[in-house]
Amino acid sequence: MSKSELKNEHQEFINQYFLLNMNGTHAYKATYGEKLSDNVAAASASQLLRKPKVAAEITRRLQEKMMSVDEILARLAEQAANAHTIFIGTDGTVDLKALKKAGLMHLVKGTKHNSKGKLIVEFYDAQKAKELIGKYHAIWANRVIVEHTWRDDIYPLIKDGRLTYQAAVSDFGESLAQELFATAGVDYE
């Protein structure tokens, strides 16, 4: 959908909606008048957000901003590999300009200055990135291994009397029949 298919006021509402953290009430008031009551603005915004063209434009904009799974995994891989370390000098300073030029500023969690005014750069945790990648690939999934054998099916038959000792000897031989009945806790003599 092109922007020209929307009324100017609807386009402005959508712009305000994104600027105001997707708050329909605030976006409606910013577009149509701050003097509106919150109840009126909320009800009107709700109606406007349900209009197919408005909803489609919001969906289109959200999809433009959304990261793909591949992009998320690529960024986590850079984080996990400590890709920022080549931008740290021998004196411990970080070349933020080079980091930005390389397109790796997403690795920076934050910055602050210490008591002496020196810039401290904090990077996202590589171990956490590895953990998230492992979870995506189900490497760390809790797995329960259930070993179920044919014997597990035989024991209830023995206990319920649906498999007689003579039939078990005929099918499995006397030695195995004795073992099965003993394990099932059923007297075979």
# chains A, B, ... in the order shown; residues from 1 in each chain; ligands from 1
$ residues_around --residues "Lys112 of chain A" --least-positions-apart "3" --cutoff "7 Å" --atoms "only C-alpha atoms" --output "list in words"
Leu119, Ile120 and Val121 of chain A
$ write_last_selection --atoms "C-alpha atoms" --output "CSV table (one decimal), in the first residue's frame"
chain,number,residue,atom,x,y,z
A,119,LEU,CA,35.3,6.5,28.8
A,120,ILE,CA,34.2,3.0,29.8
A,121,VAL,CA,32.6,0.9,27.1
$ closest_atom_pairs --of "segment 120-154 of chain A" --to "segment 174-188 of chain A" --cutoff "12 Å" --atoms "only C-alpha atoms" --output "tab-separated table"
residue	atom	partner	partner_atom	distance
A:Trp150	CA	A:Leu180	CA	11.2
A:Arg151	CA	A:Leu180	CA	7.7
A:Asp152	CA	A:Ala184	CA	9.6
A:Asp153	CA	A:Ala184	CA	11.0
A:Ile154	CA	A:Leu180	CA	7.9
$ write_last_selection --atoms "C-alpha atoms" --output "mmCIF file, in the first residue's frame"
data_model
loop_
_atom_site.group_PDB
_atom_site.id
_atom_site.type_symbol
_atom_site.label_atom_id
_atom_site.label_comp_id
_atom_site.auth_asym_id
_atom_site.auth_seq_id
_atom_site.Cartn_x
_atom_site.Cartn_y
_atom_site.Cartn_z
ATOM 1 C CA TRP A 150 9.241 -55.111 24.177
ATOM 2 C CA ARG A 151 9.641 -56.453 27.708
ATOM 3 C CA ASP A 152 7.783 -53.394 29.055
ATOM 4 C CA ASP A 153 4.812 -54.530 26.989
ATOM 5 C CA ILE A 154 5.041 -58.146 28.197
#
$ closest_residue --among "A:Asn82, A:Lys97, A:Glu9, A:Tyr32" --to "Lys130 of chain A" --atoms "only C-alpha atoms"
A:Asn82
$ atom_distance --atom1 "atom CA of Gly103 of chain A" --atom2 "atom CA of Ala77 of chain A"
14.0 Å
$ residues_around --residues "segment 44-54 of chain A" --least-positions-apart "5" --cutoff "7 Å" --atoms "only C-alpha atoms" --output "PDB file with N, CA and C atoms, in the first residue's frame"
ATOM      1  N   LEU A   6      -3.779   6.637   1.886  1.00  0.00           N
ATOM      2  CA  LEU A   6      -4.326   7.009   3.181  1.00  0.00           C
ATOM      3  C   LEU A   6      -4.630   8.496   3.218  1.00  0.00           C
ATOM      4  N   GLY A  24      -2.131   4.387  21.018  1.00  0.00           N
ATOM      5  CA  GLY A  24      -3.196   4.903  20.174  1.00  0.00           C
ATOM      6  C   GLY A  24      -3.867   6.143  20.745  1.00  0.00           C
ATOM      7  N   THR A  25      -4.102   6.147  22.058  1.00  0.00           N
ATOM      8  CA  THR A  25      -4.758   7.293  22.696  1.00  0.00           C
ATOM      9  C   THR A  25      -3.928   8.553  22.521  1.00  0.00           C
ATOM     10  N   TYR A  28      -3.790   9.665  18.874  1.00  0.00           N
ATOM     11  CA  TYR A  28      -5.034  10.286  18.430  1.00  0.00           C
ATOM     12  C   TYR A  28      -5.112  11.727  18.922  1.00  0.00           C
TER      13      TYR A  28
END
$ atom_distance --atom1 "atom CA of Lys101 of chain A" --atom2 "atom CA of Leu132 of chain A"
26.4 Å
$ residues_around --residues "segment 60-74 of chain A" --least-positions-apart "6" --cutoff "10 Å" --atoms "only C-alpha atoms" --output "list in words"
Met1, Ile14, Phe18, Val54, Ala80, Ala129, Leu132, Ile133 and Tyr136 of chain A
$ select_by_dssp --residues "chain A" --states "strand (DSSP E or B)" --output "short mmCIF file (atom, residue, chain, number, x, y, z; two decimals) with C-alpha atoms, in the first residue's frame"
data_model
loop_
_atom_site.label_atom_id
_atom_site.label_comp_id
_atom_site.auth_asym_id
_atom_site.auth_seq_id
_atom_site.Cartn_x
_atom_site.Cartn_y
_atom_site.Cartn_z
CA ILE A 88 40.37 -2.38 21.65
CA VAL A 94 37.96 1.35 22.36
CA VAL A 108 28.00 -1.98 22.61
CA LYS A 109 25.72 -2.33 25.61
CA GLY A 110 26.50 1.10 26.97
CA THR A 111 29.09 3.72 27.81
CA LYS A 112 29.90 5.77 30.89
CA HIS A 113 32.76 7.77 32.30
CA LEU A 119 35.27 6.55 28.80
CA ILE A 120 34.25 3.02 29.78
CA VAL A 121 32.61 0.94 27.05
CA GLU A 122 30.53 -2.06 28.08
CA PHE A 123 29.89 -4.80 25.52
#
$ closest_residue --among "A:Val169, A:His26, A:Leu76, A:Gly89" --to "Gly134 of chain A" --atoms "only C-alpha atoms"
A:Leu76
$ atom_distance --atom1 "atom CA of Tyr17 of chain A" --atom2 "atom CA of Ala41 of chain A"
12.6 Å
$ select_by_dssp --residues "segment 81-135 of chain A" --states "alpha helix (DSSP H)" --output "short mmCIF file (atom, residue, chain, number, x, y, z; two decimals) with N, CA and C atoms, in the first residue's frame"
data_model
loop_
_atom_site.label_atom_id
_atom_site.label_comp_id
_atom_site.auth_asym_id
_atom_site.auth_seq_id
_atom_site.Cartn_x
_atom_site.Cartn_y
_atom_site.Cartn_z
N LEU A 96 35.72 3.67 18.97
CA LEU A 96 34.30 3.65 18.65
C LEU A 96 34.02 4.07 17.21
N LYS A 97 34.84 4.97 16.67
CA LYS A 97 34.64 5.40 15.28
C LYS A 97 34.86 4.23 14.34
N ALA A 98 35.91 3.46 14.56
CA ALA A 98 36.17 2.29 13.71
C ALA A 98 35.10 1.22 13.92
N LEU A 99 34.66 1.07 15.16
CA LEU A 99 33.61 0.11 15.47
C LEU A 99 32.32 0.48 14.73
N LYS A 100 32.01 1.77 14.73
CA LYS A 100 30.82 2.25 14.03
C LYS A 100 30.97 2.07 12.53
N LYS A 101 32.14 2.40 12.01
CA LYS A 101 32.40 2.26 10.56
C LYS A 101 32.25 0.79 10.13
N ALA A 126 29.30 -12.20 25.68
CA ALA A 126 29.51 -13.23 24.66
C ALA A 126 28.93 -14.58 25.10
N GLN A 127 29.06 -14.88 26.38
CA GLN A 127 28.55 -16.16 26.88
C GLN A 127 27.03 -16.23 26.74
N LYS A 128 26.36 -15.13 27.01
CA LYS A 128 24.90 -15.08 26.87
C LYS A 128 24.51 -15.28 25.41
N ALA A 129 25.28 -14.68 24.50
CA ALA A 129 25.00 -14.85 23.06
C ALA A 129 25.14 -16.32 22.67
N LYS A 130 26.16 -16.97 23.18
CA LYS A 130 26.36 -18.39 22.88
C LYS A 130 25.19 -19.21 23.42
N GLU A 131 24.74 -18.85 24.60
CA GLU A 131 23.60 -19.56 25.20
C GLU A 131 22.34 -19.39 24.34
N LEU A 132 22.10 -18.17 23.86
CA LEU A 132 20.92 -17.92 23.03
C LEU A 132 21.01 -18.65 21.69
N ILE A 133 22.19 -18.69 21.12
CA ILE A 133 22.37 -19.44 19.86
C ILE A 133 22.13 -20.93 20.12
N GLY A 134 22.66 -21.42 21.23
CA GLY A 134 22.44 -22.82 21.60
C GLY A 134 20.98 -23.15 21.81
N LYS A 135 20.25 -22.23 22.44
CA LYS A 135 18.82 -22.45 22.64
C LYS A 135 18.09 -22.48 21.30
#
